[in-house]
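data_30.pdb (PDB, C-alpha atoms, pLDDT in the B column)
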```pdb
ATOM      1  CA  ASN A  42      -6.812  42.908 -62.807  1.00 50.00           C
ATOM      2  CA  ARG A  43     -10.002  44.453 -61.394  1.00 51.00           C
ATOM      3  CA  ALA A  44      -9.190  48.010 -62.448  1.00 49.00           C
ATOM      4  CA  ALA A  45     -10.261  50.686 -59.962  1.00 49.00           C
ATOM      5  CA  PHE A  46     -12.017  48.049 -57.845  1.00 51.00           C
ATOM      6  CA  GLU A  47     -15.418  49.120 -59.056  1.00 54.00           C
ATOM      7  CA  VAL A  48     -17.922  50.362 -56.497  1.00 50.00           C
ATOM      8  CA  LYS A  49     -21.252  48.520 -56.290  1.00 50.00           C
ATOM      9  CA  PRO A  50     -24.530  49.877 -54.898  1.00 46.00           C
ATOM     10  CA  ALA A  51     -24.879  49.639 -51.127  1.00 48.00           C
ATOM     11  CA  ARG A  52     -27.529  46.928 -50.767  1.00 47.00           C
ATOM     12  CA  SER A  53     -26.537  45.476 -47.414  1.00 56.00           C
ATOM     13  CA  LYS A  54     -28.631  42.293 -47.732  1.00 71.00           C
ATOM     14  CA  ASN A  55     -27.244  41.451 -51.152  1.00 86.00           C
ATOM     15  CA  HIS A  56     -23.529  42.063 -50.651  1.00 94.00           C
ATOM     16  CA  THR A  57     -21.390  39.101 -51.681  1.00 95.00           C
ATOM     17  CA  VAL A  58     -17.998  37.948 -50.479  1.00 96.00           C
ATOM     18  CA  ASP A  59     -16.623  39.472 -53.681  1.00 96.00           C
ATOM     19  CA  ASP A  60     -18.081  42.862 -52.708  1.00 95.00           C
ATOM     20  CA  ALA A  61     -16.316  42.707 -49.350  1.00 96.00           C
ATOM     21  CA  LEU A  62     -13.026  41.616 -50.919  1.00 96.00           C
ATOM     22  CA  MET A  63     -13.026  44.426 -53.459  1.00 95.00           C
ATOM     23  CA  ARG A  64     -14.088  47.140 -51.020  1.00 95.00           C
ATOM     24  CA  TYR A  65     -11.309  46.109 -48.646  1.00 96.00           C
ATOM     25  CA  ALA A  66      -8.761  46.169 -51.491  1.00 94.00           C
ATOM     26  CA  ARG A  67     -10.007  49.605 -52.502  1.00 94.00           C
ATOM     27  CA  GLU A  68     -10.290  51.248 -49.077  1.00 94.00           C
ATOM     28  CA  VAL A  69      -8.068  49.402 -46.595  1.00 94.00           C
ATOM     29  CA  SER A  70      -5.181  47.734 -48.436  1.00 92.00           C
ATOM     30  CA  PRO A  71      -3.711  51.000 -49.848  1.00 90.00           C
ATOM     31  CA  GLY A  72      -2.827  52.070 -46.309  1.00 83.00           C
ATOM     32  CA  LYS A  73      -0.670  49.002 -45.719  1.00 80.00           C
ATOM     33  CA  LYS A  74       2.994  48.452 -46.448  1.00 73.00           C
ATOM     34  CA  GLY A  75       2.257  45.101 -48.098  1.00 75.00           C
ATOM     35  CA  GLU A  76      -0.515  46.460 -50.342  1.00 82.00           C
ATOM     36  CA  ARG A  77       0.768  44.829 -53.538  1.00 81.00           C
ATOM     37  CA  TRP A  78       0.898  41.271 -52.220  1.00 82.00           C
ATOM     38  CA  GLU A  79      -2.323  41.692 -50.259  1.00 89.00           C
ATOM     39  CA  THR A  80      -4.119  42.814 -53.400  1.00 91.00           C
ATOM     40  CA  VAL A  81      -2.735  39.830 -55.317  1.00 89.00           C
ATOM     41  CA  ARG A  82      -4.154  37.487 -52.668  1.00 91.00           C
ATOM     42  CA  ILE A  83      -7.509  39.266 -52.678  1.00 94.00           C
ATOM     43  CA  LEU A  84      -7.826  39.017 -56.458  1.00 93.00           C
ATOM     44  CA  LYS A  85      -7.023  35.302 -56.188  1.00 91.00           C
ATOM     45  CA  MET A  86      -9.850  34.895 -53.670  1.00 94.00           C
ATOM     46  CA  CYS A  87     -12.216  36.733 -55.999  1.00 94.00           C
ATOM     47  CA  ARG A  88     -11.773  33.945 -58.556  1.00 93.00           C
ATOM     48  CA  ASP A  89     -12.921  31.292 -56.091  1.00 93.00           C
ATOM     49  CA  ASN A  90     -16.537  30.082 -56.106  1.00 93.00           C
ATOM     50  CA  MET A  91     -16.821  31.303 -52.533  1.00 94.00           C
ATOM     51  CA  ALA A  92     -16.707  34.897 -53.787  1.00 95.00           C
ATOM     52  CA  ASN A  93     -20.169  34.547 -55.349  1.00 95.00           C
ATOM     53  CA  ILE A  94     -21.878  33.695 -52.054  1.00 96.00           C
ATOM     54  CA  LYS A  95     -23.918  36.408 -50.348  1.00 95.00           C
ATOM     55  CA  LEU A  96     -22.469  37.392 -46.993  1.00 94.00           C
ATOM     56  CA  LYS A  97     -25.777  36.710 -45.252  1.00 93.00           C
ATOM     57  CA  ASP A  98     -25.689  33.133 -46.591  1.00 94.00           C
ATOM     58  CA  LEU A  99     -22.005  32.473 -45.866  1.00 94.00           C
ATOM     59  CA  THR A 100     -21.438  29.624 -43.407  1.00 95.00           C
ATOM     60  CA  PRO A 101     -18.388  28.053 -41.736  1.00 95.00           C
ATOM     61  CA  ALA A 102     -18.972  25.036 -44.006  1.00 95.00           C
ATOM     62  CA  HIS A 103     -18.380  27.216 -47.091  1.00 96.00           C
ATOM     63  CA  LEU A 104     -15.151  28.485 -45.602  1.00 96.00           C
ATOM     64  CA  ALA A 105     -14.012  25.012 -44.555  1.00 96.00           C
ATOM     65  CA  THR A 106     -14.510  23.856 -48.152  1.00 95.00           C
ATOM     66  CA  TRP A 107     -12.447  26.805 -49.386  1.00 95.00           C
ATOM     67  CA  ARG A 108      -9.734  26.068 -46.803  1.00 95.00           C
ATOM     68  CA  ASP A 109      -9.504  22.399 -47.750  1.00 95.00           C
ATOM     69  CA  GLY A 110      -9.319  23.282 -51.430  1.00 94.00           C
ATOM     70  CA  ARG A 111      -6.473  25.707 -50.840  1.00 93.00           C
ATOM     71  CA  LEU A 112      -4.583  23.113 -48.780  1.00 93.00           C
ATOM     72  CA  LYS A 113      -4.439  20.950 -51.897  1.00 93.00           C
ATOM     73  CA  GLU A 114      -2.716  23.801 -53.743  1.00 92.00           C
ATOM     74  CA  VAL A 115      -0.425  25.580 -51.254  1.00 89.00           C
ATOM     75  CA  ALA A 116       1.316  24.992 -47.924  1.00 88.00           C
ATOM     76  CA  PRO A 117      -0.548  25.287 -44.601  1.00 91.00           C
ATOM     77  CA  SER A 118       1.443  28.419 -43.738  1.00 88.00           C
ATOM     78  CA  SER A 119       0.171  30.102 -46.913  1.00 89.00           C
ATOM     79  CA  VAL A 120      -3.407  29.092 -46.136  1.00 93.00           C
ATOM     80  CA  ASN A 121      -3.057  30.533 -42.628  1.00 93.00           C
ATOM     81  CA  ARG A 122      -1.902  33.848 -44.080  1.00 91.00           C
ATOM     82  CA  GLU A 123      -4.921  33.874 -46.381  1.00 94.00           C
ATOM     83  CA  ILE A 124      -7.232  33.034 -43.474  1.00 95.00           C
ATOM     84  CA  SER A 125      -5.775  35.942 -41.484  1.00 94.00           C
ATOM     85  CA  LEU A 126      -6.386  38.303 -44.397  1.00 94.00           C
ATOM     86  CA  LEU A 127      -9.911  37.031 -44.970  1.00 96.00           C
ATOM     87  CA  SER A 128     -10.663  37.291 -41.256  1.00 95.00           C
ATOM     88  CA  SER A 129      -9.523  40.914 -41.275  1.00 95.00           C
ATOM     89  CA  ILE A 130     -11.829  41.575 -44.228  1.00 96.00           C
ATOM     90  CA  PHE A 131     -14.802  39.964 -42.492  1.00 96.00           C
ATOM     91  CA  ASN A 132     -14.087  41.813 -39.236  1.00 95.00           C
ATOM     92  CA  THR A 133     -14.024  45.109 -41.137  1.00 96.00           C
ATOM     93  CA  ALA A 134     -17.258  44.211 -42.921  1.00 95.00           C
ATOM     94  CA  MET A 135     -18.827  43.396 -39.564  1.00 93.00           C
ATOM     95  CA  MET A 136     -17.586  46.273 -37.394  1.00 93.00           C
ATOM     96  CA  GLU A 137     -17.239  49.148 -39.870  1.00 94.00           C
ATOM     97  CA  TRP A 138     -19.601  48.461 -42.760  1.00 93.00           C
ATOM     98  CA  GLY A 139     -22.431  46.617 -41.037  1.00 92.00           C
ATOM     99  CA  TRP A 140     -22.446  43.891 -43.678  1.00 93.00           C
ATOM    100  CA  LEU A 141     -22.044  40.924 -41.304  1.00 92.00           C
ATOM    101  CA  GLU A 142     -23.483  39.949 -37.931  1.00 90.00           C
ATOM    102  CA  ASP A 143     -20.385  37.930 -36.971  1.00 92.00           C
ATOM    103  CA  ASN A 144     -17.220  36.514 -38.469  1.00 94.00           C
ATOM    104  CA  PRO A 145     -17.847  32.933 -39.722  1.00 93.00           C
ATOM    105  CA  LEU A 146     -14.105  32.311 -39.956  1.00 93.00           C
ATOM    106  CA  SER A 147     -13.928  32.256 -36.169  1.00 91.00           C
ATOM    107  CA  LYS A 148     -15.747  28.914 -36.273  1.00 92.00           C
ATOM    108  CA  ILE A 149     -13.350  26.952 -38.477  1.00 93.00           C
ATOM    109  CA  ARG A 150     -10.048  25.291 -37.614  1.00 94.00           C
ATOM    110  CA  ARG A 151      -6.793  26.701 -38.896  1.00 94.00           C
ATOM    111  CA  PRO A 152      -4.323  24.296 -40.523  1.00 92.00           C
ATOM    112  CA  LYS A 153      -1.333  23.313 -38.428  1.00 89.00           C
ATOM    113  CA  ASN A 154       1.892  24.875 -39.636  1.00 79.00           C
ATOM    114  CA  PRO A 155       4.815  22.496 -40.155  1.00 75.00           C
ATOM    115  CA  PRO A 156       7.425  22.461 -37.358  1.00 73.00           C
ATOM    116  CA  PRO A 157      10.131  25.126 -37.709  1.00 69.00           C
ATOM    117  CA  ARG A 158      13.325  24.146 -39.449  1.00 68.00           C
ATOM    118  CA  ASP A 159      16.206  23.466 -37.087  1.00 69.00           C
ATOM    119  CA  ARG A 160      18.946  22.678 -39.601  1.00 74.00           C
ATOM    120  CA  ARG A 161      21.498  25.324 -40.492  1.00 79.00           C
ATOM    121  CA  ILE A 162      22.800  25.487 -44.036  1.00 83.00           C
ATOM    122  CA  THR A 163      26.173  23.765 -44.437  1.00 86.00           C
ATOM    123  CA  GLN A 164      29.298  25.414 -45.787  1.00 86.00           C
ATOM    124  CA  ASP A 165      29.290  23.015 -48.755  1.00 88.00           C
ATOM    125  CA  GLU A 166      25.758  24.161 -49.607  1.00 88.00           C
ATOM    126  CA  ILE A 167      26.781  27.807 -49.250  1.00 88.00           C
ATOM    127  CA  ASP A 168      29.768  27.293 -51.560  1.00 88.00           C
ATOM    128  CA  LEU A 169      27.596  25.522 -54.128  1.00 88.00           C
ATOM    129  CA  ILE A 170      25.083  28.378 -54.232  1.00 89.00           C
ATOM    130  CA  LEU A 171      27.827  31.037 -54.370  1.00 89.00           C
ATOM    131  CA  ASP A 172      29.399  29.256 -57.350  1.00 89.00           C
ATOM    132  CA  LYS A 173      26.058  29.481 -59.168  1.00 89.00           C
ATOM    133  CA  CYS A 174      25.422  33.161 -58.463  1.00 88.00           C
ATOM    134  CA  PRO A 175      25.529  34.983 -61.817  1.00 85.00           C
ATOM    135  CA  ARG A 176      26.825  38.253 -60.360  1.00 86.00           C
ATOM    136  CA  GLN A 177      28.692  39.511 -57.312  1.00 90.00           C
ATOM    137  CA  GLU A 178      25.720  41.468 -55.991  1.00 91.00           C
ATOM    138  CA  MET A 179      23.625  38.294 -55.795  1.00 92.00           C
ATOM    139  CA  ALA A 180      26.380  36.492 -53.902  1.00 93.00           C
ATOM    140  CA  VAL A 181      26.687  39.417 -51.479  1.00 93.00           C
ATOM    141  CA  LEU A 182      22.940  39.380 -50.798  1.00 94.00           C
ATOM    142  CA  PHE A 183      22.998  35.634 -50.158  1.00 93.00           C
ATOM    143  CA  GLU A 184      25.920  35.793 -47.725  1.00 93.00           C
ATOM    144  CA  LEU A 185      24.585  38.925 -46.042  1.00 94.00           C
ATOM    145  CA  ALA A 186      21.249  37.212 -45.411  1.00 93.00           C
ATOM    146  CA  ILE A 187      23.067  34.387 -43.620  1.00 92.00           C
ATOM    147  CA  GLU A 188      25.196  36.794 -41.604  1.00 92.00           C
ATOM    148  CA  SER A 189      22.436  39.200 -40.577  1.00 91.00           C
ATOM    149  CA  ALA A 190      19.049  37.411 -40.975  1.00 88.00           C
ATOM    150  CA  MET A 191      17.694  40.578 -42.592  1.00 91.00           C
ATOM    151  CA  ARG A 192      14.887  40.480 -45.143  1.00 89.00           C
ATOM    152  CA  LEU A 193      15.712  40.967 -48.808  1.00 90.00           C
ATOM    153  CA  SER A 194      14.078  44.401 -49.069  1.00 87.00           C
ATOM    154  CA  GLU A 195      15.877  45.530 -45.905  1.00 90.00           C
ATOM    155  CA  MET A 196      19.283  44.516 -47.269  1.00 93.00           C
ATOM    156  CA  ILE A 197      18.739  46.144 -50.643  1.00 91.00           C
ATOM    157  CA  GLY A 198      17.661  49.370 -48.931  1.00 89.00           C
ATOM    158  CA  ILE A 199      20.925  49.729 -46.974  1.00 91.00           C
ATOM    159  CA  THR A 200      22.948  52.891 -47.646  1.00 90.00           C
ATOM    160  CA  ARG A 201      26.402  53.879 -46.456  1.00 92.00           C
ATOM    161  CA  ASP A 202      24.929  56.551 -44.174  1.00 92.00           C
ATOM    162  CA  ALA A 203      22.802  53.939 -42.407  1.00 92.00           C
ATOM    163  CA  VAL A 204      25.826  51.871 -41.307  1.00 94.00           C
ATOM    164  CA  LYS A 205      28.073  52.687 -38.367  1.00 93.00           C
ATOM    165  CA  VAL A 206      31.319  50.702 -38.415  1.00 91.00           C
ATOM    166  CA  LEU A 207      32.851  50.074 -35.003  1.00 89.00           C
ATOM    167  CA  ASP A 208      36.517  49.923 -34.044  1.00 88.00           C
ATOM    168  CA  ASN A 209      36.459  46.119 -33.893  1.00 90.00           C
ATOM    169  CA  GLY A 210      35.342  45.857 -37.534  1.00 89.00           C
ATOM    170  CA  LYS A 211      31.776  45.013 -36.679  1.00 93.00           C
ATOM    171  CA  GLY A 212      28.933  47.447 -37.215  1.00 93.00           C
ATOM    172  CA  VAL A 213      25.333  48.437 -36.766  1.00 94.00           C
ATOM    173  CA  VAL A 214      22.829  49.319 -39.488  1.00 93.00           C
ATOM    174  CA  THR A 215      19.742  51.444 -38.952  1.00 92.00           C
ATOM    175  CA  LEU A 216      16.848  50.058 -41.001  1.00 88.00           C
ATOM    176  CA  MET A 217      14.160  52.614 -41.774  1.00 80.00           C
ATOM    177  CA  ASP A 218      12.073  50.611 -44.266  1.00 68.00           C
ATOM    178  CA  THR A 219      11.045  47.523 -42.270  1.00 69.00           C
ATOM    179  CA  LYS A 220       8.090  45.152 -42.584  1.00 67.00           C
ATOM    180  CA  ASN A 221       6.154  46.717 -39.707  1.00 67.00           C
ATOM    181  CA  GLY A 222       7.066  50.264 -40.708  1.00 68.00           C
ATOM    182  CA  THR A 223       9.176  51.068 -37.636  1.00 74.00           C
ATOM    183  CA  ARG A 224      12.894  51.770 -37.426  1.00 82.00           C
ATOM    184  CA  ARG A 225      15.139  49.071 -36.013  1.00 86.00           C
ATOM    185  CA  LEU A 226      18.844  48.507 -35.427  1.00 91.00           C
ATOM    186  CA  VAL A 227      20.583  45.367 -36.678  1.00 92.00           C
ATOM    187  CA  PRO A 228      24.093  44.360 -35.534  1.00 94.00           C
ATOM    188  CA  LEU A 229      26.518  43.477 -38.311  1.00 94.00           C
ATOM    189  CA  SER A 230      29.350  41.000 -38.071  1.00 94.00           C
ATOM    190  CA  SER A 231      32.738  41.975 -39.458  1.00 94.00           C
ATOM    191  CA  ARG A 232      32.002  39.705 -42.440  1.00 94.00           C
ATOM    192  CA  ALA A 233      28.718  41.519 -43.067  1.00 94.00           C
ATOM    193  CA  VAL A 234      30.576  44.842 -43.076  1.00 94.00           C
ATOM    194  CA  GLU A 235      33.127  43.402 -45.533  1.00 94.00           C
ATOM    195  CA  LEU A 236      30.337  42.256 -47.827  1.00 94.00           C
ATOM    196  CA  LEU A 237      28.693  45.689 -47.879  1.00 94.00           C
ATOM    197  CA  GLU A 238      32.031  47.397 -48.492  1.00 94.00           C
ATOM    198  CA  SER A 239      32.805  45.004 -51.354  1.00 94.00           C
ATOM    199  CA  ILE A 240      29.972  46.562 -53.376  1.00 93.00           C
ATOM    200  CA  ASP A 241      30.446  50.049 -51.918  1.00 93.00           C
ATOM    201  CA  TYR A 242      27.073  49.872 -50.128  1.00 92.00           C
ATOM    202  CA  ASN A 243      25.308  50.006 -53.489  1.00 90.00           C
ATOM    203  CA  PHE A 244      22.703  47.395 -54.398  1.00 91.00           C
ATOM    204  CA  THR A 245      21.330  47.899 -57.908  1.00 90.00           C
ATOM    205  CA  MET A 246      18.936  44.940 -58.064  1.00 88.00           C
ATOM    206  CA  SER A 247      15.287  45.309 -57.087  1.00 87.00           C
ATOM    207  CA  PRO A 248      13.901  42.858 -54.489  1.00 85.00           C
ATOM    208  CA  GLY A 249      11.773  41.255 -57.215  1.00 82.00           C
ATOM    209  CA  LEU A 250      14.712  40.714 -59.565  1.00 86.00           C
ATOM    210  CA  ALA A 251      16.942  39.425 -56.765  1.00 87.00           C
ATOM    211  CA  SER A 252      14.262  36.966 -55.629  1.00 85.00           C
ATOM    212  CA  LYS A 253      13.689  35.698 -59.182  1.00 83.00           C
ATOM    213  CA  THR A 254      17.428  35.385 -59.805  1.00 83.00           C
ATOM    214  CA  PHE A 255      17.897  33.324 -56.645  1.00 82.00           C
ATOM    215  CA  HIS A 256      14.971  30.996 -57.419  1.00 78.00           C
ATOM    216  CA  ASP A 257      16.344  30.460 -60.943  1.00 79.00           C
ATOM    217  CA  LEU A 258      19.755  29.293 -59.669  1.00 76.00           C
TER     218      LEU A 258
END
```
Starting from the file, lay out its structure as structure tokens.
Amino acid sequence: NRAAFEVKPARSKNHTVDDALMRYAREVSPGKKGERWETVRILKMCRDNMANIKLKDLTPAHLATWRDGRLKEVAPSSVNREISLLSSIFNTAMMEWGWLEDNPLSKIRRPKNPPPRDRRITQDEIDLILDKCPRQEMAVLFELAIESAMRLSEMIGITRDAVKVLDNGKGVVTLMDTKNGTRRLVPLSSRAVELLESIDYNFTMSPGLASKTFHDL
């Protein structure tokens, strides 16, 4: 943990990648909804050898080496997310701080993401997972995700007041706390409404605990 993201003297010719990473985490990330996970990724980058390179000496070859190293550790989709974050950091350093002349990431290839999955989970697989759920709330979250395609944090944030049940048993939920920060409406099947009513619209698990519980099944 880099407590307080220490401020270093403003010597524009000597700023390193680490300096840019930490300034971004200190000044830009706090204004984002995904601050926690973005900061985790930034701190991970700070431990890479690339972080010690001065920005004026940074080349696409350095970044290609970093990219290839990460591809040996995580999936291409994860590397692409990290590239997007790093590109945002370099663009900010270039346009707002005057630390870079251009963005060297624009000159390297992004990894190809794997093709999207086109197989739907089978009922046998659903039943198997439901049998392993240690508590009703976990089973409700799992089924509700299948029924609604909502994100975990969106489901856990649902309240009774946010749901309008229609005459046909279906419903609509108004989500206020979404990934992009804007309100959106999500239709609910009659089964989704039943699931929410079965726990009286009251989720007690945090997203972190629910995610860990599911992965431990």
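Closest approach to Arg225 of chain A among A:Phe244, A:Glu195, A:Met135, A:Asn209: A:Glu195, based on only C-alpha atoms.
Using only C-alpha atoms, the shortest contact distance between Ile83 of chain A and any of A:Val69, A:Ile149, A:Met196, A:Ile187 is found at A:Val69.
If you measure from each of A:Lys73, A:Arg176, A:Lys211, A:Lys205 to Met246 of chain A using all atoms listed in the file, the closest one turns out to be A:Arg176.
Between atom CA of Lys173 of chain A and atom CA of Ala190 of chain A the interatomic distance comes to 21.0 Å.
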For this session: For the structure provided, state which residues fall under the PyMOL selection byres ((chain A and resi 88-103) around 8), and present them as number ranges by chain.
Result: A: 54-59, 84-87, 104-107, 140-141, 145-146, 148-149
Non-local contacts of Val214 of chain A (12 Å; all atoms listed in the file; under 5 positions in same chain excluded) as a CSV table (one decimal) with C-alpha atoms, keeping the file's coordinate frame:
```csv
chain,number,residue,atom,x,y,z
A,189,SER,CA,22.4,39.2,-40.6
A,191,MET,CA,17.7,40.6,-42.6
A,195,GLU,CA,15.9,45.5,-45.9
A,196,MET,CA,19.3,44.5,-47.3
A,198,GLY,CA,17.7,49.4,-48.9
A,199,ILE,CA,20.9,49.7,-47.0
A,200,THR,CA,22.9,52.9,-47.6
A,201,ARG,CA,26.4,53.9,-46.5
A,202,ASP,CA,24.9,56.6,-44.2
A,203,ALA,CA,22.8,53.9,-42.4
A,204,VAL,CA,25.8,51.9,-41.3
A,205,LYS,CA,28.1,52.7,-38.4
A,206,VAL,CA,31.3,50.7,-38.4
A,207,LEU,CA,32.9,50.1,-35.0
A,224,ARG,CA,12.9,51.8,-37.4
A,225,ARG,CA,15.1,49.1,-36.0
A,226,LEU,CA,18.8,48.5,-35.4
A,227,VAL,CA,20.6,45.4,-36.7
A,228,PRO,CA,24.1,44.4,-35.5
A,229,LEU,CA,26.5,43.5,-38.3
A,230,SER,CA,29.4,41.0,-38.1
A,233,ALA,CA,28.7,41.5,-43.1
A,234,VAL,CA,30.6,44.8,-43.1
A,237,LEU,CA,28.7,45.7,-47.9
A,242,TYR,CA,27.1,49.9,-50.1
```
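Proximity ranking of A:Leu236, A:Val181, A:Leu62, A:Val213 relative to Ala251 of chain A places A:Val181 first, based on only C-alpha atoms.
A straight line drawn from atom CA of Asn132 of chain A to atom CA of Ala61 of chain A is 10.4 Å long.
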For this session: Determine the residue set returned by the PyMOL selection byres ((chain A and resi 256) around 12) for the present structure, and present it as a ChimeraX atom specification.
Result: /A:170,173-174,179,183,249-255,257-258
For this session: Return as a list in words the set of residues that the PyMOL selection byres ((chain A and resi 79) around 12) yields on the displayed structure.
Result: Leu62, Met63, Tyr65, Ala66, Arg67, Val69, Ser70, Pro71, Gly72, Lys73, Lys74, Gly75, Glu76, Arg77, Trp78, Thr80, Val81, Arg82, Ile83, Leu84, Lys85, Met86, Arg122, Glu123, Ser125, Leu126, Leu127, Ser129 and Ile130 of chain A
Exercise. Suppose you want the space between atom CA of Ile162 of chain A and atom CA of Asn121 of chain A; what is it in Å?
Worked result: 26.4 Å
Return the padded bounding box of segment 108-123 of chain A as lines of an AutoDock Vina configuration file: axis-aligned, built from all atoms listed in the file, 8 Å added on each side, with centre and edge lengths in Å to one decimal.
```
center_x = -4.1
center_y = 27.4
center_z = -48.2
size_x = 27.2
size_y = 28.9
size_z = 27.1
```
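Proximity to Glu137 of chain A was assessed for A:Leu171, A:Arg161, A:Val115, A:Glu68 counting all atoms listed in the file; the smallest distance is recorded for A:Glu68.
Distances from A:Ser119, A:Glu184, A:Ser128, A:Arg232 to Glu166 of chain A were compared using all atoms listed in the file, and the smallest one belongs to A:Glu184.
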